[in-house]
file query-v9.cif (mmCIF, C-alpha atoms, pLDDT in the B column; chains and numbers go by the auth columns)
data_target
loop_
_atom_site.group_PDB
_atom_site.id
_atom_site.type_symbol
_atom_site.label_atom_id
_atom_site.label_comp_id
_atom_site.label_asym_id
_atom_site.label_seq_id
_atom_site.Cartn_x
_atom_site.Cartn_y
_atom_site.Cartn_z
_atom_site.B_iso_or_equiv
_atom_site.auth_seq_id
_atom_site.auth_asym_id
ATOM 1 C CA MET A 1 -17.223 -28.644 31.944 48.00 1352 A
ATOM 2 C CA LYS A 2 -17.851 -28.011 28.226 46.00 1353 A
ATOM 3 C CA PHE A 3 -18.178 -24.285 28.938 47.00 1354 A
ATOM 4 C CA ARG A 4 -14.837 -24.234 30.788 47.00 1355 A
ATOM 5 C CA ILE A 5 -13.108 -26.035 27.916 38.00 1356 A
ATOM 6 C CA LEU A 6 -14.593 -23.627 25.375 40.00 1357 A
ATOM 7 C CA LEU A 7 -13.576 -20.645 27.497 42.00 1358 A
ATOM 8 C CA PHE A 8 -10.042 -22.018 27.839 38.00 1359 A
ATOM 9 C CA PHE A 9 -9.589 -22.372 24.075 39.00 1360 A
ATOM 10 C CA LEU A 10 -11.106 -18.934 23.454 43.00 1361 A
ATOM 11 C CA LEU A 11 -8.775 -17.248 25.942 41.00 1362 A
ATOM 12 C CA THR A 12 -5.786 -19.181 24.608 39.00 1363 A
ATOM 13 C CA SER A 13 -6.488 -18.160 21.009 43.00 1364 A
ATOM 14 C CA LEU A 14 -6.840 -14.514 22.036 43.00 1365 A
ATOM 15 C CA LEU A 15 -3.645 -14.647 24.078 41.00 1366 A
ATOM 16 C CA TYR A 16 -1.448 -16.036 21.334 43.00 1367 A
ATOM 17 C CA SER A 17 -2.922 -14.326 18.283 66.00 1368 A
ATOM 18 C CA GLN A 18 -1.421 -11.161 16.833 91.00 1369 A
ATOM 19 C CA THR A 19 -2.948 -8.001 18.285 96.00 1370 A
ATOM 20 C CA LEU A 20 -2.772 -4.305 17.404 98.00 1371 A
ATOM 21 C CA LYS A 21 -4.014 -1.557 19.700 97.00 1372 A
ATOM 22 C CA VAL A 22 -6.031 1.049 17.831 98.00 1373 A
ATOM 23 C CA GLY A 23 -4.924 4.659 18.336 98.00 1374 A
ATOM 24 C CA ARG A 24 -6.910 7.883 18.398 98.00 1375 A
ATOM 25 C CA ILE A 25 -7.275 10.730 15.906 97.00 1376 A
ATOM 26 C CA THR A 26 -6.263 13.758 17.951 95.00 1377 A
ATOM 27 C CA SER A 27 -6.072 16.511 15.333 95.00 1378 A
ATOM 28 C CA ASP A 28 -7.292 17.611 11.933 94.00 1379 A
ATOM 29 C CA TYR A 29 -5.927 15.553 9.069 95.00 1380 A
ATOM 30 C CA ASN A 30 -5.545 15.542 5.303 95.00 1381 A
ATOM 31 C CA LEU A 31 -6.268 12.335 3.443 96.00 1382 A
ATOM 32 C CA ASP A 32 -3.176 12.475 1.235 96.00 1383 A
ATOM 33 C CA GLY A 33 -1.550 9.077 1.715 97.00 1384 A
ATOM 34 C CA ILE A 34 1.503 10.529 3.482 96.00 1385 A
ATOM 35 C CA LEU A 35 0.849 9.760 7.201 97.00 1386 A
ATOM 36 C CA SER A 36 2.339 13.091 8.208 96.00 1387 A
ATOM 37 C CA GLU A 37 -0.018 13.970 11.089 97.00 1388 A
ATOM 38 C CA PRO A 38 1.420 13.697 14.647 97.00 1389 A
ATOM 39 C CA PHE A 39 -1.112 11.087 15.764 97.00 1390 A
ATOM 40 C CA TRP A 40 0.387 8.563 13.325 98.00 1391 A
ATOM 41 C CA ASN A 41 3.604 8.727 15.369 96.00 1392 A
ATOM 42 C CA GLU A 42 1.760 8.282 18.662 96.00 1393 A
ATOM 43 C CA CYS A 43 -0.064 5.012 17.947 97.00 1394 A
ATOM 44 C CA ASP A 44 0.948 1.367 17.928 97.00 1395 A
ATOM 45 C CA SER A 45 1.826 -0.338 14.666 98.00 1396 A
ATOM 46 C CA ILE A 46 2.259 -3.659 12.944 98.00 1397 A
ATOM 47 C CA PRO A 47 6.032 -3.381 12.312 97.00 1398 A
ATOM 48 C CA ASN A 48 6.145 -5.794 9.374 97.00 1399 A
ATOM 49 C CA LEU A 49 4.345 -8.611 7.571 98.00 1400 A
ATOM 50 C CA THR A 50 5.494 -12.201 7.059 98.00 1401 A
ATOM 51 C CA MET A 51 5.981 -13.898 3.706 98.00 1402 A
ATOM 52 C CA VAL A 52 3.322 -16.393 2.642 98.00 1403 A
ATOM 53 C CA GLU A 53 4.634 -16.912 -0.879 97.00 1404 A
ATOM 54 C CA PRO A 54 7.003 -17.926 -2.337 98.00 1405 A
ATOM 55 C CA ILE A 55 8.671 -19.073 0.933 97.00 1406 A
ATOM 56 C CA GLU A 56 6.100 -19.531 3.661 97.00 1407 A
ATOM 57 C CA GLY A 57 7.144 -18.014 6.999 96.00 1408 A
ATOM 58 C CA SER A 58 10.174 -16.135 5.666 97.00 1409 A
ATOM 59 C CA ILE A 59 11.043 -12.492 6.289 97.00 1410 A
ATOM 60 C CA SER A 60 9.437 -10.219 3.718 98.00 1411 A
ATOM 61 C CA THR A 61 11.732 -8.636 1.138 98.00 1412 A
ATOM 62 C CA PHE A 62 10.509 -5.127 1.972 98.00 1413 A
ATOM 63 C CA THR A 63 9.051 -3.796 5.227 98.00 1414 A
ATOM 64 C CA THR A 64 5.343 -2.986 5.535 98.00 1415 A
ATOM 65 C CA ILE A 65 4.134 -0.863 8.486 98.00 1416 A
ATOM 66 C CA VAL A 66 0.429 -0.731 9.380 98.00 1417 A
ATOM 67 C CA LYS A 67 -1.363 1.597 11.812 98.00 1418 A
ATOM 68 C CA ILE A 68 -5.027 2.182 12.691 98.00 1419 A
ATOM 69 C CA VAL A 69 -6.522 5.260 14.351 98.00 1420 A
ATOM 70 C CA VAL A 70 -10.126 6.229 15.071 97.00 1421 A
ATOM 71 C CA ASN A 71 -12.369 8.944 16.403 95.00 1422 A
ATOM 72 C CA ARG A 72 -16.079 8.765 17.215 91.00 1423 A
ATOM 73 C CA ASN A 73 -17.196 8.287 13.611 93.00 1424 A
ATOM 74 C CA THR A 74 -14.118 7.490 11.533 96.00 1425 A
ATOM 75 C CA ILE A 75 -11.608 4.687 11.028 97.00 1426 A
ATOM 76 C CA LEU A 76 -8.261 5.475 9.365 98.00 1427 A
ATOM 77 C CA VAL A 77 -5.823 2.786 8.271 98.00 1428 A
ATOM 78 C CA GLY A 78 -2.313 4.008 7.482 98.00 1429 A
ATOM 79 C CA ILE A 79 0.131 1.819 5.561 98.00 1430 A
ATOM 80 C CA LYS A 80 3.760 2.291 4.511 98.00 1431 A
ATOM 81 C CA CYS A 81 4.972 -0.136 1.838 98.00 1432 A
ATOM 82 C CA PHE A 82 8.721 0.230 1.598 98.00 1433 A
ATOM 83 C CA ASP A 83 10.381 -0.684 -1.699 98.00 1434 A
ATOM 84 C CA GLU A 84 14.026 -0.158 -2.628 97.00 1435 A
ATOM 85 C CA GLU A 85 13.113 0.201 -6.316 97.00 1436 A
ATOM 86 C CA PRO A 86 9.855 2.191 -6.419 97.00 1437 A
ATOM 87 C CA ASP A 87 10.243 2.719 -10.165 97.00 1438 A
ATOM 88 C CA LYS A 88 9.580 -1.023 -10.549 98.00 1439 A
ATOM 89 C CA ILE A 89 6.278 -1.023 -8.663 98.00 1440 A
ATOM 90 C CA VAL A 90 3.647 -2.769 -10.776 97.00 1441 A
ATOM 91 C CA ALA A 91 0.382 -0.829 -10.960 96.00 1442 A
ATOM 92 C CA TYR A 92 -1.894 0.020 -13.855 94.00 1443 A
ATOM 93 C CA SER A 93 -5.530 -0.262 -12.747 93.00 1444 A
ATOM 94 C CA LYS A 94 -7.425 2.946 -12.050 90.00 1445 A
ATOM 95 C CA ALA A 95 -11.059 1.759 -12.201 86.00 1446 A
ATOM 96 C CA ARG A 96 -13.245 0.683 -9.269 88.00 1447 A
ATOM 97 C CA ASP A 97 -13.629 -3.006 -8.343 84.00 1448 A
ATOM 98 C CA VAL A 98 -11.006 -4.445 -10.672 88.00 1449 A
ATOM 99 C CA ASN A 99 -8.956 -7.555 -9.930 88.00 1450 A
ATOM 100 C CA PHE A 100 -5.514 -6.598 -8.589 93.00 1451 A
ATOM 101 C CA SER A 101 -4.064 -10.126 -8.851 90.00 1452 A
ATOM 102 C CA GLU A 102 -1.442 -9.106 -11.444 95.00 1453 A
ATOM 103 C CA GLU A 103 -0.193 -5.948 -9.729 97.00 1454 A
ATOM 104 C CA ASP A 104 0.975 -4.629 -6.377 98.00 1455 A
ATOM 105 C CA TYR A 105 -1.830 -4.233 -3.852 98.00 1456 A
ATOM 106 C CA ILE A 106 -2.836 -3.968 -0.228 98.00 1457 A
ATOM 107 C CA LYS A 107 -5.890 -5.879 0.981 98.00 1458 A
ATOM 108 C CA ILE A 108 -7.392 -5.518 4.445 98.00 1459 A
ATOM 109 C CA VAL A 109 -10.087 -7.695 5.993 97.00 1460 A
ATOM 110 C CA ILE A 110 -12.258 -6.711 8.977 97.00 1461 A
ATOM 111 C CA ASP A 111 -14.565 -9.073 10.872 96.00 1462 A
ATOM 112 C CA THR A 112 -16.450 -6.822 13.278 95.00 1463 A
ATOM 113 C CA TYR A 113 -18.474 -9.663 14.833 93.00 1464 A
ATOM 114 C CA MET A 114 -15.466 -11.963 15.256 92.00 1465 A
ATOM 115 C CA ASP A 115 -17.623 -14.866 14.135 91.00 1466 A
ATOM 116 C CA ALA A 116 -15.267 -16.098 11.358 89.00 1467 A
ATOM 117 C CA ARG A 117 -18.311 -16.102 9.070 86.00 1468 A
ATOM 118 C CA SER A 118 -18.701 -12.503 7.915 90.00 1469 A
ATOM 119 C CA GLY A 119 -16.611 -9.443 7.226 94.00 1470 A
ATOM 120 C CA TYR A 120 -15.515 -6.675 4.901 96.00 1471 A
ATOM 121 C CA VAL A 121 -12.731 -6.560 2.321 97.00 1472 A
ATOM 122 C CA PHE A 122 -11.009 -3.348 1.196 97.00 1473 A
ATOM 123 C CA ALA A 123 -8.226 -3.431 -1.415 97.00 1474 A
ATOM 124 C CA ILE A 124 -6.140 -0.731 -3.105 97.00 1475 A
ATOM 125 C CA ASN A 125 -3.247 -0.561 -5.544 97.00 1476 A
ATOM 126 C CA PRO A 126 -0.426 2.038 -5.539 98.00 1477 A
ATOM 127 C CA TYR A 127 -2.473 4.316 -7.836 96.00 1478 A
ATOM 128 C CA GLY A 128 -5.315 4.451 -5.330 96.00 1479 A
ATOM 129 C CA ALA A 129 -7.712 2.261 -7.332 96.00 1480 A
ATOM 130 C CA ARG A 130 -10.181 0.629 -4.951 96.00 1481 A
ATOM 131 C CA SER A 131 -12.003 -2.672 -4.686 95.00 1482 A
ATOM 132 C CA ASP A 132 -14.280 -3.929 -1.916 96.00 1483 A
ATOM 133 C CA GLY A 133 -16.530 -6.814 -0.999 94.00 1484 A
ATOM 134 C CA LEU A 134 -18.487 -8.613 1.703 95.00 1485 A
ATOM 135 C CA LEU A 135 -17.545 -11.931 3.242 93.00 1486 A
ATOM 136 C CA TYR A 136 -20.138 -14.641 3.726 86.00 1487 A
ATOM 137 C CA PRO A 137 -20.007 -18.079 5.406 78.00 1488 A
ATOM 138 C CA MET A 138 -17.874 -20.760 3.718 66.00 1489 A
ATOM 139 C CA GLY A 139 -15.344 -18.118 2.642 68.00 1490 A
ATOM 140 C CA TYR A 140 -17.430 -16.612 -0.140 76.00 1491 A
ATOM 141 C CA GLU A 141 -16.582 -13.016 -1.109 84.00 1492 A
ATOM 142 C CA SER A 142 -19.273 -10.957 -2.828 84.00 1493 A
ATOM 143 C CA LYS A 143 -18.031 -8.137 -5.063 83.00 1494 A
ATOM 144 C CA SER A 144 -21.509 -6.710 -5.575 84.00 1495 A
ATOM 145 C CA TRP A 145 -21.224 -4.560 -2.430 89.00 1496 A
ATOM 146 C CA ASP A 146 -19.953 -0.994 -2.871 87.00 1497 A
ATOM 147 C CA GLY A 147 -19.238 0.513 0.508 90.00 1498 A
ATOM 148 C CA VAL A 148 -18.724 4.166 1.333 95.00 1499 A
ATOM 149 C CA TRP A 149 -14.997 4.646 1.899 96.00 1500 A
ATOM 150 C CA ASP A 150 -12.027 6.368 0.338 97.00 1501 A
ATOM 151 C CA ALA A 151 -8.283 5.905 -0.030 97.00 1502 A
ATOM 152 C CA THR A 152 -5.378 8.043 -1.157 97.00 1503 A
ATOM 153 C CA THR A 153 -1.901 6.777 -2.031 98.00 1504 A
ATOM 154 C CA ALA A 154 1.513 8.307 -2.618 98.00 1505 A
ATOM 155 C CA ILE A 155 4.500 6.836 -4.450 97.00 1506 A
ATOM 156 C CA THR A 156 7.774 8.155 -3.011 95.00 1507 A
ATOM 157 C CA ASN A 157 11.466 7.339 -3.212 96.00 1508 A
ATOM 158 C CA GLU A 158 10.931 4.917 -0.301 97.00 1509 A
ATOM 159 C CA GLY A 159 8.109 2.946 -1.916 98.00 1510 A
ATOM 160 C CA TRP A 160 4.420 3.757 -1.572 98.00 1511 A
ATOM 161 C CA SER A 161 2.051 4.609 1.234 98.00 1512 A
ATOM 162 C CA ALA A 162 -1.701 4.836 1.721 98.00 1513 A
ATOM 163 C CA GLU A 163 -4.400 6.219 3.992 98.00 1514 A
ATOM 164 C CA ILE A 164 -7.741 4.409 3.975 98.00 1515 A
ATOM 165 C CA TYR A 165 -10.784 6.298 5.269 98.00 1516 A
ATOM 166 C CA ILE A 166 -13.785 4.244 6.471 97.00 1517 A
ATOM 167 C CA PRO A 167 -16.811 5.982 8.042 96.00 1518 A
ATOM 168 C CA VAL A 168 -18.138 3.785 10.839 94.00 1519 A
ATOM 169 C CA THR A 169 -21.583 3.901 9.207 93.00 1520 A
ATOM 170 C CA THR A 170 -20.148 1.771 6.386 94.00 1521 A
ATOM 171 C CA LEU A 171 -19.807 -1.171 8.792 94.00 1522 A
ATOM 172 C CA ASN A 172 -22.218 -3.182 10.884 93.00 1523 A
ATOM 173 C CA PHE A 173 -20.912 -4.176 14.314 92.00 1524 A
ATOM 174 C CA PRO A 174 -22.052 -4.960 17.860 90.00 1525 A
ATOM 175 C CA ASP A 175 -21.716 -2.101 20.302 83.00 1526 A
ATOM 176 C CA ASN A 176 -20.643 -4.225 23.252 85.00 1527 A
ATOM 177 C CA ILE A 177 -17.168 -5.427 22.205 87.00 1528 A
ATOM 178 C CA SER A 178 -13.880 -3.545 21.965 93.00 1529 A
ATOM 179 C CA MET A 179 -12.048 -5.973 19.681 96.00 1530 A
ATOM 180 C CA TRP A 180 -12.420 -6.962 16.010 96.00 1531 A
ATOM 181 C CA SER A 181 -10.705 -9.526 13.815 96.00 1532 A
ATOM 182 C CA PHE A 182 -8.354 -7.944 11.296 97.00 1533 A
ATOM 183 C CA ASN A 183 -5.832 -9.007 8.701 97.00 1534 A
ATOM 184 C CA ILE A 184 -3.799 -7.344 5.969 98.00 1535 A
ATOM 185 C CA GLU A 185 -2.000 -8.675 2.919 98.00 1536 A
ATOM 186 C CA ARG A 186 0.532 -7.074 0.580 98.00 1537 A
ATOM 187 C CA LYS A 187 1.416 -8.288 -2.892 98.00 1538 A
ATOM 188 C CA ILE A 188 4.735 -7.378 -4.565 98.00 1539 A
ATOM 189 C CA GLN A 189 3.991 -8.459 -8.089 98.00 1540 A
ATOM 190 C CA ARG A 190 7.440 -8.326 -9.709 98.00 1541 A
ATOM 191 C CA LEU A 191 8.764 -10.668 -6.997 98.00 1542 A
ATOM 192 C CA LEU A 192 5.626 -12.843 -7.043 98.00 1543 A
ATOM 193 C CA GLU A 193 5.656 -12.259 -3.290 98.00 1544 A
ATOM 194 C CA THR A 194 2.704 -12.199 -0.907 98.00 1545 A
ATOM 195 C CA ASN A 195 3.100 -10.993 2.684 98.00 1546 A
ATOM 196 C CA ARG A 196 0.529 -11.138 5.460 98.00 1547 A
ATOM 197 C CA TRP A 197 0.086 -10.223 9.130 98.00 1548 A
ATOM 198 C CA ALA A 198 -1.716 -13.345 10.350 97.00 1549 A
ATOM 199 C CA GLY A 199 -2.703 -16.718 8.918 95.00 1550 A
ATOM 200 C CA ILE A 200 0.747 -17.419 7.435 96.00 1551 A
ATOM 201 C CA ASN A 201 -0.273 -20.478 5.477 95.00 1552 A
ATOM 202 C CA LYS A 202 -0.450 -20.977 1.706 94.00 1553 A
ATOM 203 C CA ASN A 203 -3.587 -23.041 2.203 93.00 1554 A
ATOM 204 C CA TYR A 204 -5.471 -20.037 3.598 92.00 1555 A
ATOM 205 C CA GLN A 205 -6.570 -16.891 1.839 93.00 1556 A
ATOM 206 C CA VAL A 206 -6.430 -13.599 3.703 95.00 1557 A
ATOM 207 C CA ILE A 207 -10.246 -13.573 3.730 94.00 1558 A
ATOM 208 C CA LYS A 208 -10.169 -16.583 6.085 93.00 1559 A
ATOM 209 C CA THR A 209 -11.049 -14.499 9.146 93.00 1560 A
ATOM 210 C CA SER A 210 -10.698 -17.430 11.547 92.00 1561 A
ATOM 211 C CA GLN A 211 -6.938 -17.027 10.940 94.00 1562 A
ATOM 212 C CA ALA A 212 -6.912 -13.238 11.374 96.00 1563 A
ATOM 213 C CA GLY A 213 -5.271 -11.214 14.109 97.00 1564 A
ATOM 214 C CA LYS A 214 -7.120 -8.873 16.471 97.00 1565 A
ATOM 215 C CA ILE A 215 -7.367 -5.101 16.753 97.00 1566 A
ATOM 216 C CA THR A 216 -8.138 -3.885 20.262 97.00 1567 A
ATOM 217 C CA ASN A 217 -9.120 -0.653 22.023 96.00 1568 A
ATOM 218 C CA ILE A 218 -12.139 -0.204 19.713 95.00 1569 A
ATOM 219 C CA PRO A 219 -14.211 2.665 21.186 93.00 1570 A
ATOM 220 C CA LYS A 220 -17.969 2.964 21.472 90.00 1571 A
ATOM 221 C CA PHE A 221 -18.620 4.788 18.206 90.00 1572 A
ATOM 222 C CA ASP A 222 -21.190 7.572 18.040 79.00 1573 A
ATOM 223 C CA LEU A 223 -23.447 6.487 15.184 72.00 1574 A
ATOM 224 C CA GLY A 224 -25.833 9.330 15.916 61.00 1575 A
ATOM 225 C CA LEU A 225 -23.283 11.882 14.726 45.00 1576 A
ATOM 226 C CA ALA A 226 -21.807 9.848 11.885 41.00 1577 A
ATOM 227 C CA LEU A 227 -22.783 11.081 8.451 44.00 1578 A
ATOM 228 C CA LEU A 228 -23.178 8.672 5.542 43.00 1579 A
ATOM 229 C CA VAL A 229 -21.535 10.533 2.667 41.00 1580 A
ATOM 230 C CA LYS A 230 -22.368 9.680 -0.950 34.00 1581 A
ATOM 231 C CA LEU A 231 -19.536 8.307 -3.034 35.00 1582 A
ATOM 232 C CA SER A 232 -19.960 11.123 -5.548 33.00 1583 A
ATOM 233 C CA THR A 233 -19.023 13.702 -2.925 33.00 1584 A
ATOM 234 C CA LEU A 234 -16.566 11.682 -0.886 36.00 1585 A
ATOM 235 C CA GLY A 235 -13.683 12.751 -3.098 38.00 1586 A
ATOM 236 C CA ASP A 236 -14.137 16.338 -1.951 38.00 1587 A
ATOM 237 C CA ILE A 237 -13.758 15.431 1.687 35.00 1588 A
ATOM 238 C CA ARG A 238 -10.136 15.717 2.703 35.00 1589 A
ATOM 239 C CA LYS A 239 -10.339 17.031 6.236 38.00 1590 A
ATOM 240 C CA GLU A 240 -11.928 15.725 9.432 39.00 1591 A
ATOM 241 C CA TYR A 241 -12.068 17.488 12.740 32.00 1592 A
ATOM 242 C CA ASN A 242 -11.080 15.998 16.046 38.00 1593 A
ATOM 243 C CA GLU A 243 -14.041 14.835 18.134 41.00 1594 A
ATOM 244 C CA LYS A 244 -13.406 14.268 21.797 38.00 1595 A
#
call {"tool": "encode", "arguments": {"input": "query-v9.cif", "output": "structure tokens"}}
result
Amino acid sequence: MKFRILLFFLLTSLLYSQTLKVGRITSDYNLDGILSEPFWNECDSIPNLTMVEPIEGSISTFTTIVKIVVNRNTILVGIKCFDEEPDKIVAYSKARDVNFSEEDYIKIVIDTYMDARSGYVFAINPYGARSDGLLYPMGYESKSWDGVWDATTAITNEGWSAEIYIPVTTLNFPDNISMWSFNIERKIQRLLETNRWAGINKNYQVIKTSQAGKITNIPKFDLGLALLVKLSTLGDIRKEYNEK
């Protein structure tokens, strides 16, 4: 009986939580922050985020579109942050692992074990400055971790956009599930506005993975072919080749 009740609540939470189907990288690509490759137009997307602050549950002032694509050894997250006044975007940090709390940023959280106790945090500002961390039980985020990943941004007349590159070897994950917990948050500093995909509650931080949505269609990654690239050389890598 207890097992049936637990299964019921698990299935119910999966049914009613936000989900995004992960797409596939089907061609070469340039990590330039533009999302110009055809596969970006062929995958599902999060069409917008919901305001958490200042008015919880309201429609965000500007649209944010989020997409995720993968191949056998790579995860790419593509984000378009629309802004009607891009000249007023607040961004000044350019160093690694700084606090973006006083500027525009995007923060993504991935819980590969779906245990609501662990996970990874990746954050960027419109200049492409990066910050990352590990999540531990009780909602503790450690900034001492420096993962191997990269991100490129572009500020345009529509706002700003970003492509985040994560080699699968940067993450630990079980090989027997095709779904991870995922959430994303956008800050628009000049409006003091925070928007989020899931967990629309001022009492929760985006790192609260028990409130995250789900990304599905995760493939069985080929860790045998994945190369762990040193951070010092990662900046030179701007092209991946399709692996079928």
call {"tool": "residues_around", "arguments": {"input": "query-v9.cif", "residues": "Leu1386 in chain A", "least_positions_apart": "6", "cutoff": "10 Å", "atoms": "only C-alpha atoms", "output": "PyMOL selection string"}}
result
chain A and resi 1380+1392+1418+1428-1431+1505+1512-1514
call {"tool": "closest_atom_pairs", "arguments": {"input": "query-v9.cif", "of": "range 1394-1474 of chain A", "to": "range 1548-1553 of chain A", "cutoff": "8 Å", "atoms": "all atoms listed in the file", "output": "Markdown table"}}
result
| residue | atom | partner | partner_atom | distance |
| --- | --- | --- | --- | --- |
| A:Ile1397 | CA | A:Trp1548 | CA | 7.9 |
| A:Asn1399 | CA | A:Trp1548 | CA | 7.5 |
| A:Leu1400 | CA | A:Trp1548 | CA | 4.8 |
| A:Thr1401 | CA | A:Trp1548 | CA | 6.1 |
| A:Met1402 | CA | A:Ile1551 | CA | 7.3 |
| A:Val1403 | CA | A:Ile1551 | CA | 5.5 |
| A:Glu1404 | CA | A:Lys1553 | CA | 7.0 |
| A:Glu1407 | CA | A:Asn1552 | CA | 6.7 |
| A:Gly1408 | CA | A:Ile1551 | CA | 6.4 |
call {"tool": "residues_around", "arguments": {"input": "query-v9.cif", "residues": "Phe1433 in chain A", "least_positions_apart": "5", "cutoff": "6 Å", "atoms": "only C-alpha atoms", "output": "count of residues only"}}
result
4
call {"tool": "residues_around", "arguments": {"input": "query-v9.cif", "residues": "range 1462-1470 of chain A", "least_positions_apart": "4", "cutoff": "12 Å", "atoms": "only C-alpha atoms", "output": "PDB file with C-alpha atoms, keeping the file's coordinate frame"}}
result
ATOM      1  CA  LEU A1361     -11.106 -18.934  23.454  1.00 43.00           C
ATOM      2  CA  LEU A1365      -6.840 -14.514  22.036  1.00 43.00           C
ATOM      3  CA  ASP A1483     -14.280  -3.929  -1.916  1.00 96.00           C
ATOM      4  CA  GLY A1484     -16.530  -6.814  -0.999  1.00 94.00           C
ATOM      5  CA  LEU A1485     -18.487  -8.613   1.703  1.00 95.00           C
ATOM      6  CA  LEU A1486     -17.545 -11.931   3.242  1.00 93.00           C
ATOM      7  CA  TYR A1487     -20.138 -14.641   3.726  1.00 86.00           C
ATOM      8  CA  PRO A1488     -20.007 -18.079   5.406  1.00 78.00           C
ATOM      9  CA  MET A1489     -17.874 -20.760   3.718  1.00 66.00           C
ATOM     10  CA  GLY A1490     -15.344 -18.118   2.642  1.00 68.00           C
ATOM     11  CA  TYR A1491     -17.430 -16.612  -0.140  1.00 76.00           C
ATOM     12  CA  GLU A1492     -16.582 -13.016  -1.109  1.00 84.00           C
ATOM     13  CA  SER A1493     -19.273 -10.957  -2.828  1.00 84.00           C
ATOM     14  CA  TRP A1496     -21.224  -4.560  -2.430  1.00 89.00           C
ATOM     15  CA  VAL A1519     -18.138   3.785  10.839  1.00 94.00           C
ATOM     16  CA  THR A1521     -20.148   1.771   6.386  1.00 94.00           C
ATOM     17  CA  LEU A1522     -19.807  -1.171   8.792  1.00 94.00           C
ATOM     18  CA  ASN A1523     -22.218  -3.182  10.884  1.00 93.00           C
ATOM     19  CA  PHE A1524     -20.912  -4.176  14.314  1.00 92.00           C
ATOM     20  CA  PRO A1525     -22.052  -4.960  17.860  1.00 90.00           C
ATOM     21  CA  ASP A1526     -21.716  -2.101  20.302  1.00 83.00           C
ATOM     22  CA  ASN A1527     -20.643  -4.225  23.252  1.00 85.00           C
ATOM     23  CA  ILE A1528     -17.168  -5.427  22.205  1.00 87.00           C
ATOM     24  CA  SER A1529     -13.880  -3.545  21.965  1.00 93.00           C
ATOM     25  CA  MET A1530     -12.048  -5.973  19.681  1.00 96.00           C
ATOM     26  CA  TRP A1531     -12.420  -6.962  16.010  1.00 96.00           C
ATOM     27  CA  SER A1532     -10.705  -9.526  13.815  1.00 96.00           C
ATOM     28  CA  PHE A1533      -8.354  -7.944  11.296  1.00 97.00           C
ATOM     29  CA  ASN A1534      -5.832  -9.007   8.701  1.00 97.00           C
ATOM     30  CA  ILE A1535      -3.799  -7.344   5.969  1.00 98.00           C
ATOM     31  CA  VAL A1557      -6.430 -13.599   3.703  1.00 95.00           C
ATOM     32  CA  ILE A1558     -10.246 -13.573   3.730  1.00 94.00           C
ATOM     33  CA  LYS A1559     -10.169 -16.583   6.085  1.00 93.00           C
ATOM     34  CA  THR A1560     -11.049 -14.499   9.146  1.00 93.00           C
ATOM     35  CA  SER A1561     -10.698 -17.430  11.547  1.00 92.00           C
ATOM     36  CA  GLN A1562      -6.938 -17.027  10.940  1.00 94.00           C
ATOM     37  CA  ALA A1563      -6.912 -13.238  11.374  1.00 96.00           C
ATOM     38  CA  GLY A1564      -5.271 -11.214  14.109  1.00 97.00           C
ATOM     39  CA  LYS A1565      -7.120  -8.873  16.471  1.00 97.00           C
ATOM     40  CA  ILE A1566      -7.367  -5.101  16.753  1.00 97.00           C
ATOM     41  CA  THR A1567      -8.138  -3.885  20.262  1.00 97.00           C
ATOM     42  CA  ILE A1569     -12.139  -0.204  19.713  1.00 95.00           C
TER      43      ILE A1569
END
call {"tool": "residues_around", "arguments": {"input": "query-v9.cif", "residues": "Ile1459 in chain A", "least_positions_apart": "2", "cutoff": "7 Å", "atoms": "all atoms listed in the file", "output": "list in words"}}
result
Ile1457, Ile1461, Val1472, Phe1473, Ala1474, Asn1534, Ile1535 and Glu1536 of chain A
call {"tool": "closest_residue", "arguments": {"input": "query-v9.cif", "among": "A:Ser1387, A:Thr1412, A:Gln1540, A:Thr1370", "to": "Glu1435 in chain A", "atoms": "only C-alpha atoms"}}
result
A:Thr1412
call {"tool": "closest_residue", "arguments": {"input": "query-v9.cif", "among": "A:Glu1436, A:Arg1447, A:Phe1390, A:Lys1458", "to": "Arg1547 in chain A", "atoms": "all atoms listed in the file"}}
result
A:Lys1458
call {"tool": "resolve_selection", "arguments": {"input": "query-v9.cif", "expression": "the PyMOL selection byres ((chain A and resi 1393-1395) around 8)", "output": "PDB file with C-alpha atoms, in the coordinates of the input"}}
result
ATOM      1  CA  LEU A1371      -2.772  -4.305  17.404  1.00 98.00           C
ATOM      2  CA  LYS A1372      -4.014  -1.557  19.700  1.00 97.00           C
ATOM      3  CA  VAL A1373      -6.031   1.049  17.831  1.00 98.00           C
ATOM      4  CA  GLY A1374      -4.924   4.659  18.336  1.00 98.00           C
ATOM      5  CA  ARG A1375      -6.910   7.883  18.398  1.00 98.00           C
ATOM      6  CA  PRO A1389       1.420  13.697  14.647  1.00 97.00           C
ATOM      7  CA  PHE A1390      -1.112  11.087  15.764  1.00 97.00           C
ATOM      8  CA  TRP A1391       0.387   8.563  13.325  1.00 98.00           C
ATOM      9  CA  ASN A1392       3.604   8.727  15.369  1.00 96.00           C
ATOM     10  CA  SER A1396       1.826  -0.338  14.666  1.00 98.00           C
ATOM     11  CA  ILE A1397       2.259  -3.659  12.944  1.00 98.00           C
ATOM     12  CA  LYS A1418      -1.363   1.597  11.812  1.00 98.00           C
ATOM     13  CA  ILE A1419      -5.027   2.182  12.691  1.00 98.00           C
ATOM     14  CA  VAL A1420      -6.522   5.260  14.351  1.00 98.00           C
TER      15      VAL A1420
END
call {"tool": "closest_residue", "arguments": {"input": "query-v9.cif", "among": "A:Asp1379, A:Glu1453, A:Asp1573, A:Asp1497", "to": "Thr1520 in chain A", "atoms": "only C-alpha atoms"}}
result
A:Asp1573
call {"tool": "closest_residue", "arguments": {"input": "query-v9.cif", "among": "A:Pro1398, A:Gln1556, A:Leu1427, A:Tyr1456", "to": "Thr1415 in chain A", "atoms": "all atoms listed in the file"}}
result
A:Pro1398
